[in-house]
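> This one is structure.txt, compact mmCIF, C-alpha atoms and all ligand atoms.
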# COMPACT_ATOMS: atom_id res chain seq x y z
CA MET B 20 20.24 -13.88 13.96
CA LYS B 21 22.24 -15.57 11.22
CA ILE B 22 20.36 -15.45 7.91
CA GLU B 23 20.59 -19.09 6.90
CA LYS B 24 18.50 -19.25 3.76
CA ILE B 25 16.64 -16.87 1.43
CA THR B 26 14.12 -17.81 -1.25
CA LEU B 27 12.62 -15.43 -3.80
CA TYR B 28 9.23 -16.25 -5.30
CA HIS B 29 7.59 -14.58 -8.28
CA VAL B 30 3.85 -15.15 -7.84
CA LYS B 31 1.08 -14.20 -10.21
CA LEU B 32 -2.54 -13.93 -9.06
CA LYS B 33 -5.42 -13.00 -11.32
CA LEU B 34 -7.65 -10.28 -9.93
CA LYS B 35 -11.35 -11.11 -9.80
CA LYS B 36 -11.89 -8.02 -11.94
CA PRO B 37 -9.29 -5.84 -13.69
CA PHE B 38 -8.49 -2.79 -11.56
CA ILE B 39 -8.60 0.40 -13.65
CA THR B 40 -6.92 3.63 -12.54
CA GLY B 41 -5.73 6.88 -14.07
CA PHE B 42 -2.40 5.18 -14.91
CA GLY B 43 -3.88 2.13 -16.65
CA GLU B 44 -5.33 -1.31 -16.03
CA ILE B 45 -4.09 -4.09 -13.74
CA SER B 46 -5.43 -7.57 -14.44
CA HIS B 47 -2.89 -9.60 -12.42
CA GLN B 48 -0.87 -8.96 -9.30
CA GLU B 49 2.74 -10.03 -9.83
CA SER B 50 4.53 -9.89 -6.54
CA LEU B 51 7.99 -10.89 -5.45
CA LEU B 52 7.87 -12.69 -2.13
CA VAL B 53 10.97 -13.00 0.02
CA LYS B 54 11.26 -15.84 2.52
CA ILE B 55 14.03 -15.61 5.12
CA GLU B 56 14.94 -18.53 7.38
CA SER B 57 16.88 -18.34 10.63
CA GLU B 58 16.99 -20.29 13.90
CA GLY B 59 14.04 -22.45 12.87
CA LEU B 60 11.89 -19.37 12.19
CA VAL B 61 10.60 -18.07 8.87
CA GLY B 62 9.93 -14.43 7.93
CA TRP B 63 8.05 -13.30 4.83
CA GLY B 64 7.93 -10.05 2.89
CA GLU B 65 6.31 -8.89 -0.35
CA ALA B 66 7.25 -6.45 -3.08
CA PRO B 67 3.86 -5.77 -4.71
CA HIS B 68 5.07 -4.99 -8.20
CA ILE B 69 3.07 -4.28 -11.33
CA ARG B 70 4.39 -5.84 -14.56
CA LEU B 71 5.00 -2.41 -16.14
CA PRO B 72 6.23 0.87 -14.63
CA LEU B 73 2.77 2.48 -14.62
CA TYR B 74 2.40 3.53 -10.99
CA CYS B 75 6.07 4.40 -10.44
CA ASN B 76 9.31 3.71 -12.26
CA GLU B 77 9.87 0.29 -10.71
CA PHE B 78 8.56 -2.85 -12.34
CA LEU B 79 8.53 -6.58 -11.85
CA GLU B 80 11.54 -7.65 -13.90
CA SER B 81 13.79 -4.84 -12.69
CA GLY B 82 12.87 -5.78 -9.14
CA LYS B 83 13.63 -9.44 -9.74
CA ILE B 84 17.11 -8.72 -11.10
CA LEU B 85 17.88 -6.29 -8.28
CA LEU B 86 16.79 -8.68 -5.54
CA GLU B 87 18.25 -11.84 -7.07
CA LYS B 88 21.61 -10.46 -8.12
CA TYR B 89 22.43 -7.42 -5.99
CA ILE B 90 20.45 -7.38 -2.74
CA LEU B 91 19.63 -10.85 -1.44
CA PRO B 92 23.13 -12.37 -2.01
CA ASN B 93 24.50 -9.66 0.32
CA LEU B 94 22.02 -10.57 3.02
CA VAL B 95 22.34 -14.34 3.07
CA ASN B 96 24.77 -15.75 5.69
CA ARG B 97 24.95 -12.41 7.50
CA ASP B 98 24.43 -11.90 11.21
CA ILE B 99 21.58 -9.47 11.72
CA ASN B 100 20.96 -8.07 15.21
CA THR B 101 17.89 -5.98 14.51
CA PRO B 102 15.66 -5.36 11.47
CA TYR B 103 17.33 -1.93 11.22
CA ASP B 104 20.48 -3.76 10.04
CA GLY B 105 18.69 -4.78 6.83
CA PRO B 106 18.69 -1.44 4.98
CA LYS B 107 22.42 -1.03 5.78
CA VAL B 108 22.97 -3.88 3.33
CA TRP B 109 21.19 -2.17 0.41
CA ASN B 110 20.58 1.51 1.07
CA HIS B 111 23.68 2.61 -0.87
CA LEU B 112 21.62 1.63 -3.92
CA LYS B 113 19.29 4.39 -5.09
CA GLY B 114 15.51 4.16 -5.33
CA ASN B 115 13.77 0.83 -5.94
CA ASN B 116 11.90 1.07 -2.66
CA ILE B 117 9.23 -1.46 -3.58
CA SER B 118 11.85 -4.14 -4.20
CA LYS B 119 13.85 -3.21 -1.11
CA SER B 120 10.77 -3.40 1.08
CA ALA B 121 10.36 -7.18 0.67
CA PRO B 122 13.51 -8.37 2.50
CA GLU B 123 13.06 -5.59 5.06
CA MET B 124 9.51 -6.71 5.85
CA ALA B 125 10.71 -10.32 6.13
CA LEU B 126 13.28 -9.29 8.77
CA TRP B 127 10.61 -7.53 10.85
CA ASP B 128 8.36 -10.59 10.63
CA LEU B 129 11.28 -12.78 11.67
CA PHE B 130 12.30 -10.63 14.66
CA ALA B 131 8.71 -10.24 15.87
CA LYS B 132 8.42 -14.03 15.73
CA LYS B 133 11.66 -14.39 17.69
CA GLU B 134 10.16 -12.13 20.38
CA LYS B 135 6.88 -14.12 20.14
CA LEU B 136 4.96 -10.89 19.57
CA PRO B 137 2.40 -9.94 16.94
CA LEU B 138 4.13 -7.50 14.60
CA ASN B 139 1.99 -4.54 15.70
CA ARG B 140 2.92 -5.10 19.36
CA TYR B 141 6.57 -5.42 18.37
CA LEU B 142 6.08 -1.95 16.80
CA ASN B 143 4.47 -0.64 20.02
CA ALA B 144 0.93 -0.35 18.68
CA LYS B 145 -1.64 -0.18 21.45
CA ARG B 146 -4.70 -1.48 19.63
CA ASP B 147 -5.48 -4.56 17.55
CA PHE B 148 -8.18 -3.20 15.26
CA SER B 149 -8.68 -0.49 12.68
CA PRO B 150 -11.40 0.86 10.40
CA VAL B 151 -11.15 -0.15 6.74
CA GLY B 152 -12.02 1.52 3.45
CA ILE B 153 -12.21 0.34 -0.13
CA SER B 154 -10.54 1.59 -3.31
CA ILE B 155 -12.99 1.40 -6.21
CA GLY B 156 -11.44 1.38 -9.69
CA ILE B 157 -12.71 3.41 -12.64
CA GLN B 158 -15.93 1.86 -13.97
CA GLY B 159 -17.25 1.80 -17.53
CA SER B 160 -20.28 3.94 -16.70
CA VAL B 161 -21.78 6.01 -13.90
CA GLU B 162 -24.38 3.26 -13.37
CA ASP B 163 -21.66 0.65 -12.82
CA LEU B 164 -19.94 2.95 -10.35
CA LEU B 165 -23.17 3.52 -8.42
CA ASP B 166 -23.62 -0.28 -8.20
CA GLU B 167 -20.09 -0.74 -6.87
CA VAL B 168 -20.52 2.03 -4.32
CA GLU B 169 -23.82 0.60 -3.15
CA LYS B 170 -22.28 -2.85 -2.66
CA ALA B 171 -19.36 -1.33 -0.74
CA VAL B 172 -21.66 0.64 1.55
CA GLU B 173 -23.72 -2.49 2.26
CA PHE B 174 -20.54 -4.42 3.02
CA GLY B 175 -19.75 -1.90 5.74
CA TYR B 176 -16.65 -0.06 4.52
CA LYS B 177 -15.94 3.03 6.59
CA ARG B 178 -14.62 5.03 3.67
CA LEU B 179 -15.04 4.85 -0.10
CA LYS B 180 -12.16 5.83 -2.35
CA ILE B 181 -13.21 6.35 -5.94
CA LYS B 182 -10.65 6.46 -8.72
CA ILE B 183 -11.04 9.36 -11.14
CA LYS B 184 -9.38 10.47 -14.36
CA PRO B 185 -10.17 13.15 -16.96
CA GLY B 186 -13.55 12.25 -18.44
CA ALA B 187 -14.58 10.12 -15.46
CA ASP B 188 -14.61 12.69 -12.69
CA ILE B 189 -17.11 15.48 -11.93
CA GLU B 190 -20.23 13.84 -13.37
CA TYR B 191 -19.40 10.54 -11.68
CA ILE B 192 -18.75 12.08 -8.27
CA LYS B 193 -21.77 14.36 -8.48
CA LYS B 194 -24.08 11.35 -8.93
CA VAL B 195 -22.39 9.28 -6.23
CA ARG B 196 -22.63 12.15 -3.74
CA LYS B 197 -26.30 12.70 -4.57
CA LEU B 198 -27.17 9.08 -3.84
CA PHE B 199 -24.85 8.79 -0.84
CA PRO B 200 -24.95 12.17 0.92
CA GLU B 201 -23.57 10.92 4.25
CA GLU B 202 -20.78 8.48 3.30
CA ASN B 203 -17.08 9.21 3.76
CA ILE B 204 -16.07 9.64 0.13
CA MET B 205 -12.67 10.53 -1.31
CA VAL B 206 -11.18 10.40 -4.80
CA ASP B 207 -7.81 9.20 -6.13
CA ALA B 208 -6.58 10.70 -9.42
CA ASN B 209 -3.35 8.69 -9.65
CA SER B 210 -1.49 11.68 -11.09
CA SER B 211 -3.74 12.18 -14.10
CA TYR B 212 -4.25 15.98 -13.89
CA ARG B 213 -2.00 18.99 -14.48
CA LEU B 214 -1.67 22.39 -12.87
CA SER B 215 -3.78 23.83 -15.71
CA ASP B 216 -6.72 21.65 -14.53
CA VAL B 217 -7.19 23.80 -11.42
CA GLU B 218 -10.71 24.92 -12.40
CA LEU B 219 -11.86 21.31 -12.68
CA LEU B 220 -10.25 20.45 -9.35
CA LYS B 221 -12.02 23.42 -7.75
CA GLU B 222 -15.34 21.95 -8.95
CA LEU B 223 -14.70 18.93 -6.74
CA ASP B 224 -14.91 21.20 -3.68
CA LYS B 225 -18.71 21.08 -4.06
CA TYR B 226 -18.97 17.42 -3.12
CA ASN B 227 -17.74 17.36 0.46
CA LEU B 228 -14.90 14.94 -0.19
CA MET B 229 -12.59 13.79 2.62
CA MET B 230 -9.61 14.34 0.32
CA ILE B 231 -8.29 14.14 -3.21
CA GLU B 232 -5.33 11.78 -3.59
CA GLN B 233 -2.44 12.62 -5.92
CA PRO B 234 -4.09 14.90 -8.50
CA LEU B 235 -0.79 15.96 -10.16
CA SER B 236 2.36 14.24 -11.46
CA ALA B 237 3.82 11.26 -9.65
CA ASP B 238 7.08 13.14 -9.00
CA ASP B 239 5.57 16.46 -7.93
CA ILE B 240 5.55 18.10 -4.52
CA VAL B 241 5.76 21.78 -5.56
CA TYR B 242 2.73 22.19 -7.84
CA HIS B 243 0.51 20.31 -5.40
CA SER B 244 1.12 23.18 -3.00
CA LYS B 245 -0.05 25.65 -5.64
CA ILE B 246 -3.24 23.62 -6.11
CA GLN B 247 -3.82 23.17 -2.37
CA LYS B 248 -3.88 26.97 -1.96
CA GLN B 249 -6.76 27.15 -4.43
CA ILE B 250 -8.98 24.27 -3.35
CA SER B 251 -10.61 23.53 -0.01
CA THR B 252 -10.64 19.72 -0.39
CA PRO B 253 -7.55 18.41 1.43
CA ILE B 254 -4.88 16.97 -0.86
CA CYS B 255 -3.43 13.60 0.12
CA LEU B 256 -0.16 12.56 -1.52
CA ASP B 257 0.60 9.01 -2.59
CA GLU B 258 2.98 8.56 -5.58
CA SER B 259 5.17 11.56 -4.61
CA LEU B 260 6.18 10.27 -1.19
CA HIS B 261 9.14 7.85 -1.16
CA SER B 262 10.55 8.66 2.26
CA ALA B 263 9.91 10.49 5.51
CA GLU B 264 12.03 13.30 4.04
CA ASP B 265 9.61 13.64 1.12
CA VAL B 266 6.78 13.93 3.65
CA GLU B 267 8.75 16.59 5.52
CA LYS B 268 9.09 18.59 2.28
CA ALA B 269 5.39 18.22 1.51
CA ILE B 270 4.49 19.46 5.00
CA TYR B 271 6.95 22.37 4.67
CA LEU B 272 5.43 23.45 1.36
CA ASN B 273 1.80 22.73 2.41
CA SER B 274 1.51 20.37 -0.54
CA CYS B 275 -0.84 18.04 1.29
CA LYS B 276 -2.95 17.94 4.45
CA ILE B 277 -3.17 14.15 4.64
CA VAL B 278 -0.66 11.37 3.98
CA ASN B 279 -1.20 7.98 2.35
CA LEU B 280 1.54 5.81 3.86
CA LYS B 281 2.44 2.88 1.65
CA LEU B 282 4.84 0.46 3.21
CA SER B 283 6.39 -0.69 -0.06
CA ARG B 284 6.62 2.79 -1.59
CA VAL B 285 8.78 4.03 1.30
CA GLY B 286 10.98 0.93 1.25
CA GLY B 287 9.85 -0.85 4.38
CA ILE B 288 8.89 -0.64 8.02
CA ALA B 289 11.79 1.48 9.33
CA GLU B 290 10.92 4.32 6.95
CA ALA B 291 7.18 3.80 7.54
CA LEU B 292 7.75 4.27 11.30
CA LYS B 293 9.73 7.47 10.67
CA THR B 294 6.92 8.75 8.47
CA HIS B 295 4.36 7.79 11.09
CA ASP B 296 6.21 9.70 13.83
CA LEU B 297 6.68 12.74 11.61
CA CYS B 298 2.96 12.89 10.78
CA LYS B 299 2.12 12.50 14.46
CA GLU B 300 4.39 15.43 15.45
CA ASN B 301 2.86 17.59 12.74
CA ASN B 302 -0.77 16.56 13.32
CA ILE B 303 -1.06 15.24 9.78
CA PRO B 304 -3.80 12.60 9.50
CA LEU B 305 -2.41 9.35 8.16
CA TRP B 306 -3.77 6.18 6.62
CA ILE B 307 -2.31 3.00 5.19
CA GLY B 308 -2.48 2.59 1.42
CA GLY B 309 -2.44 -0.69 -0.47
CA MET B 310 -1.03 -2.06 -3.71
CA LEU B 311 -3.35 -5.03 -4.30
CA GLU B 312 -1.00 -7.15 -2.18
CA THR B 313 -1.36 -10.90 -1.70
CA GLY B 314 -2.13 -12.06 1.84
CA VAL B 315 1.51 -11.60 2.87
CA GLY B 316 1.72 -7.88 2.13
CA LYS B 317 -1.86 -7.37 3.25
CA ALA B 318 -1.04 -8.79 6.69
CA PHE B 319 1.65 -6.09 7.09
CA LEU B 320 -0.85 -3.38 6.16
CA ASP B 321 -3.29 -4.68 8.75
CA HIS B 322 -0.61 -4.51 11.44
CA LEU B 323 0.58 -1.05 10.43
CA SER B 324 -2.96 0.27 10.39
CA THR B 325 -3.14 -0.20 14.17
CA LEU B 326 -0.32 2.28 14.89
CA ASP B 327 -1.27 5.30 17.03
CA ALA B 328 -1.20 8.07 14.45
CA VAL B 329 -3.09 6.12 11.79
CA THR B 330 -6.41 7.88 12.27
CA LEU B 331 -8.19 7.30 8.96
CA PRO B 332 -9.48 4.08 7.35
CA GLY B 333 -6.96 2.37 5.05
CA ASP B 334 -7.13 0.50 1.73
CA ASN B 335 -6.71 -2.88 3.42
CA SER B 336 -9.96 -4.50 2.27
CA PRO B 337 -10.39 -8.22 2.96
CA GLN B 338 -8.57 -10.41 0.42
CA THR B 339 -11.80 -11.92 -0.92
CA ARG B 340 -12.45 -8.59 -2.59
CA TYR B 341 -9.46 -9.00 -4.88
CA TYR B 342 -8.81 -12.71 -5.32
CA ASP B 343 -10.72 -16.00 -5.60
CA GLU B 344 -7.89 -17.70 -3.74
CA ASP B 345 -5.05 -16.34 -1.64
CA ILE B 346 -1.70 -17.85 -0.71
CA VAL B 347 -2.12 -17.47 3.05
CA ILE B 348 -4.29 -18.93 5.79
CA GLY B 349 -5.44 -16.94 8.82
CA GLY B 350 -4.86 -13.24 9.36
CA SER B 351 -7.20 -10.49 10.40
CA THR B 352 -10.98 -10.76 10.49
CA PHE B 353 -13.37 -8.21 9.04
CA LYS B 354 -16.65 -7.24 10.64
CA ASN B 355 -18.76 -4.11 10.17
CA GLY B 356 -15.94 -2.23 8.47
CA ILE B 357 -13.38 -3.01 11.18
CA ILE B 358 -10.47 -5.43 10.88
CA THR B 359 -9.20 -7.13 14.01
CA LEU B 360 -5.80 -8.82 14.20
CA ASN B 361 -5.29 -12.27 15.67
CA ASN B 362 -2.67 -12.72 18.38
CA SER B 363 -0.23 -14.98 16.52
CA SER B 364 3.34 -13.77 16.44
CA GLY B 365 4.81 -11.89 13.47
CA ILE B 366 2.39 -11.02 10.67
CA GLY B 367 -0.08 -13.64 11.90
CA VAL B 368 -0.65 -15.56 8.68
CA ASP B 369 0.56 -18.99 7.55
CA ILE B 370 1.61 -19.70 4.00
CA ASP B 371 -0.63 -22.18 2.21
CA ASP B 372 2.08 -24.24 0.48
CA GLU B 373 -0.26 -25.76 -2.06
CA LYS B 374 -1.59 -22.35 -3.13
CA LEU B 375 1.88 -20.84 -3.12
CA ASN B 376 3.00 -23.61 -5.49
CA LYS B 377 -0.01 -23.10 -7.69
CA TYR B 378 0.61 -19.38 -8.14
CA THR B 379 4.41 -19.43 -8.28
CA VAL B 380 5.82 -18.53 -11.72
CA GLU B 381 9.45 -18.77 -10.63
CA LYS B 382 11.27 -19.78 -7.46
CA ILE B 383 14.86 -18.72 -6.91
CA GLU B 384 17.10 -19.95 -4.07
CA ILE B 385 19.70 -17.43 -3.04
CA VAL B 386 23.08 -18.92 -2.23
O1 LIG B 401 -3.10 4.58 -6.02
O2 LIG B 401 -3.51 3.69 -4.16
C1 LIG B 401 -3.25 3.57 -5.35
C2 LIG B 401 -3.46 -0.09 -6.36
C3 LIG B 401 -2.28 -0.24 -7.08
C4 LIG B 401 -1.48 0.85 -7.27
C5 LIG B 401 -1.83 2.09 -6.73
C6 LIG B 401 -2.99 2.24 -5.99
C7 LIG B 401 -3.83 1.13 -5.83
C8 LIG B 401 -5.11 1.21 -5.13
C9 LIG B 401 -5.68 -0.05 -4.56
O3 LIG B 401 -5.74 2.22 -5.03
C10 LIG B 401 -5.35 -0.19 -3.13
C11 LIG B 401 -5.71 -1.54 -2.61
O4 LIG B 401 -6.91 -1.81 -2.46
O5 LIG B 401 -4.79 -2.37 -2.35
MG MG B 402 -3.22 6.27 -4.77
Represent the supplied structure as structure tokens.
Ligand code: OSB
Ligand code: MG

Amino acid sequence: MKIEKITLYHVKLKLKKPFITGFGEISHQESLLVKIESEGLVGWGEAPHIRLPLYCNEFLESGKILLEKYILPNLVNRDINTPYDGPKVWNHLKGNNISKSAPEMALWDLFAKKEKLPLNRYLNAKRDFSPVGISIGIQGSVEDLLDEVEKAVEFGYKRLKIKIKPGADIEYIKKVRKLFPEENIMVDANSSYRLSDVELLKELDKYNLMMIEQPLSADDIVYHSKIQKQISTPICLDESLHSAEDVEKAIYLNSCKIVNLKLSRVGGIAEALKTHDLCKENNIPLWIGGMLETGVGKAFLDHLSTLDAVTLPGDNSPQTRYYDEDIVIGGSTFKNGIITLNNSSGIGVDIDDEKLNKYTVEKIEIV
């Protein structure tokens, strides 16, 4: 397909409530959306950036420069035969996976639409539904956390992920577990502990948690293996995994027993599929993580979460949890903790032009 036109959008959506994690607070989602047009079809992708490099070393403005000046101009006017041709255009550039993921996703959406298949079927998924969990940010008090957990349980989420950080950990989890003895509960530390915190991490073993996500540094794979030897709660890596090769290293070192697969963090669908297959071969349970995406990115997560080896609930909560308004129409439906895809081709959502306009900070046409 000849890539006829590319448009880059910087959108800014206010979260209903600031999302607080071990790395800081997010009040707005500032994503870069990539729209690719070819043969009368339109593909969309999203780089779910944060304004500052808090989660990883990428950030909004660096991503905008990279996409506008050095990636998208090399893609426009090219003939692309398969979505796998996309990364050949930019993979000589190091890192910056979140930014790179947006045009890559748009190509997959485009090619699935050309084949008139929902994206998950284009990726050989055999089901159209998946169980969903929720990621609950750090709350001001234990009481507030208990309220949030109660609401989430009533809403039907199949798994509750609770953010922790030093000072908001053991006491919080102890009380949640006491009130909710049967729920699937896990914690996410967003890299806020160190190897020397092993005694505290061992304490968490008492609360029957499904897993602890990324206790140590965002760039660590080695020390996580030291911790995993000393705790029984399975470690799940997030920040440390930027490629299937990273996952291979983590499996080799026994640094984690579970993998959080984030589409944008690994740079797109091709690398996500490699990671998926690797986890399947190694019997590593897998789930799809989120980055507070708008409806575009969220639609991709819904599709990915139906792949065979994705066996645990993901972070793809319905959009109404995050935003008063979204920029898409349609998409998956949520009932009793399960999302079900529709059977439209590609990612299965339509852009709401009026809303897109309303939330666009900057629109750049690539020529
Ligand atoms: O660590 O998984 C994370 C959001 C932004 C950055 C990192 C993380 C998160 C979440 C929320 O936990 C996931 C979601 O609901 O989209
Ligand atoms: Mg995480």
> What are the closest atom pairs, with distances in Å to one decimal, for each residue of chain B lying within 7 Å of ligand LIG 401 (chain B), using only C-alpha atoms and all ligand atoms, rows by chain and rising residue number, as JSON lines?

{"residue": "B:Tyr74", "atom": "CA", "partner": "B:LIG401", "partner_atom": "C4", "distance": 6.0}
{"residue": "B:Ile153", "atom": "CA", "partner": "B:LIG401", "partner_atom": "O4", "distance": 6.2}
{"residue": "B:Ser154", "atom": "CA", "partner": "B:LIG401", "partner_atom": "O4", "distance": 5.0}
{"residue": "B:Asp207", "atom": "CA", "partner": "B:LIG401", "partner_atom": "O1", "distance": 6.6}
{"residue": "B:Asn209", "atom": "CA", "partner": "B:LIG401", "partner_atom": "O1", "distance": 5.5}
{"residue": "B:Asp257", "atom": "CA", "partner": "B:LIG401", "partner_atom": "O1", "distance": 6.7}
{"residue": "B:Gly308", "atom": "CA", "partner": "B:LIG401", "partner_atom": "O2", "distance": 5.8}
{"residue": "B:Gly309", "atom": "CA", "partner": "B:LIG401", "partner_atom": "O5", "distance": 3.4}
{"residue": "B:Met310", "atom": "CA", "partner": "B:LIG401", "partner_atom": "O5", "distance": 4.0}
{"residue": "B:Leu311", "atom": "CA", "partner": "B:LIG401", "partner_atom": "O5", "distance": 3.6}
{"residue": "B:Glu312", "atom": "CA", "partner": "B:LIG401", "partner_atom": "O5", "distance": 6.1}
{"residue": "B:Asp334", "atom": "CA", "partner": "B:LIG401", "partner_atom": "O4", "distance": 4.8}
{"residue": "B:Asn335", "atom": "CA", "partner": "B:LIG401", "partner_atom": "O4", "distance": 6.0}
{"residue": "B:Ser336", "atom": "CA", "partner": "B:LIG401", "partner_atom": "O4", "distance": 6.2}
> I'd like the neighbourhood of Ser210 of chain B as a list in words, where a residue qualifies if any of its atoms comes within 10 Å (using all atoms listed in the file), though same-chain residues fewer than 3 positions away should be ignored.
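After dropping sequence-adjacent residues, the list is Thr40, Gly41, Phe42, Tyr74, Ile183, Lys184, Asp207, Arg213, Glu232, Gln233, Pro234, Leu235, Ser236, Ala237, Asp238, Asp239, Leu256, Asp257, Glu258 and Ser259 of chain B.
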> Let me make sure I understand: among B:Gly333, B:Thr352, B:Ala171, B:Val347, which one has the smallest atom-to-atom distance to ligand MG 402 (chain B) if we use only C-alpha atoms and all ligand atoms?
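Among the listed residues, B:Gly333 lies closest to ligand MG 402 (chain B).
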> Could you please determine the separation between atom CA of Leu60 of chain B and atom CA of Val386 of chain B in Å, to one decimal place?
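Going from atom CA of Leu60 of chain B over to atom CA of Val386 of chain B covers 18.3 Å.
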> For Glu167 of chain B, please output as a PyMOL selection string all residues within 10 Å (counting only C-alpha atoms; exclusion window: fewer than 3 positions along the same chain).
chain B and resi 155-156+158+161-164+170-173+181
> Near segment 289-301 of chain B, within 9 Å and counting all atoms listed in the file, which residues show up once chain neighbours fewer than 6 positions away are dropped, as a ChimeraX atom specification?
/B:102-103,106,123,142,262-264,266-267,270,277-278,280-283,323,326-329
> Record the distance separating atom CA of Tyr89 of chain B and atom CA of Arg284 of chain B, expressed in Å with one decimal.
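So the two atoms, atom CA of Tyr89 of chain B and atom CA of Arg284 of chain B, lie 19.3 Å apart.
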> Which one is closest to Cys75 of chain B: B:Leu91, B:Met230, B:Leu260, B:Ile99? Count all atoms listed in the file.
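Closest to Cys75 of chain B, using all atoms listed in the file: B:Leu260.
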> Taking all atoms listed in the file into account, which of B:Lys268, B:Lys119, B:Lys180, B:Lys382 comes nearest ligand MG 402 (chain B)?
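Checking each candidate against ligand MG 402 (chain B), we get B:Lys180 as the closest.
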> Taking (1.6, 20.9, -4.8) in the coordinates of the supplied file, I want to know which residues reach to within 8 Å of it, counting only C-alpha atoms; could you give the answer as a PyMOL selection string?
chain B and resi 235+239-247+269+272-275
> For atom CA of Pro332 of chain B and atom CA of Val151 of chain B, quote the distance in Å rounded to one decimal.
4.6 Å
> Given all atoms listed in the file as the basis, pick out the residue of B:Lys88, B:Lys248, B:Arg146, B:Lys377 nearest to Leu360 of chain B.
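Of B:Lys88, B:Lys248, B:Arg146, B:Lys377, the one nearest Leu360 of chain B is B:Arg146, counting all atoms listed in the file.
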> Could you check the closest approach to Glu80 of chain B for each of B:Val61, B:Val95, B:Ile231, B:Leu51 and tell me which residue wins, using only C-alpha atoms?
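That would be B:Leu51, the residue with the smallest distance to Glu80 of chain B.
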> For Lys54 of chain B, which residue among B:Lys24, B:Lys31, B:Arg70, B:Arg178 is the nearest when counting all atoms listed in the file?
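Going through B:Lys24, B:Lys31, B:Arg70, B:Arg178 one by one, the smallest distance to Lys54 of chain B is for B:Lys24.
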> Please list as a ChimeraX atom specification every residue within 12 Å of Val195 of chain B, counting only C-alpha atoms and excluding residues in the same chain fewer than 4 positions away.
/B:160-169,172,179-181,188-191,199-206,226-228
> Can you list, as a ChimeraX atom specification, every protein, DNA or RNA residue that comes within 12 Å of Lys374 of chain B when you count all atoms listed in the file, leaving out same-chain residues fewer than 4 positions away?
/B:30-32,313-314,343-348,369-370,378-380
> Within 12 Å of (24.4, -11.7, 2.1) (coordinates as in the file), grab all the protein and nucleic acid residues, counting all atoms listed in the file, and write them out as JSON, numbers by chain.
{"B": [21, 22, 23, 24, 25, 55, 86, 87, 88, 89, 90, 91, 92, 93, 94, 95, 96, 97, 98, 99, 104, 105, 107, 108, 109, 122, 385, 386]}
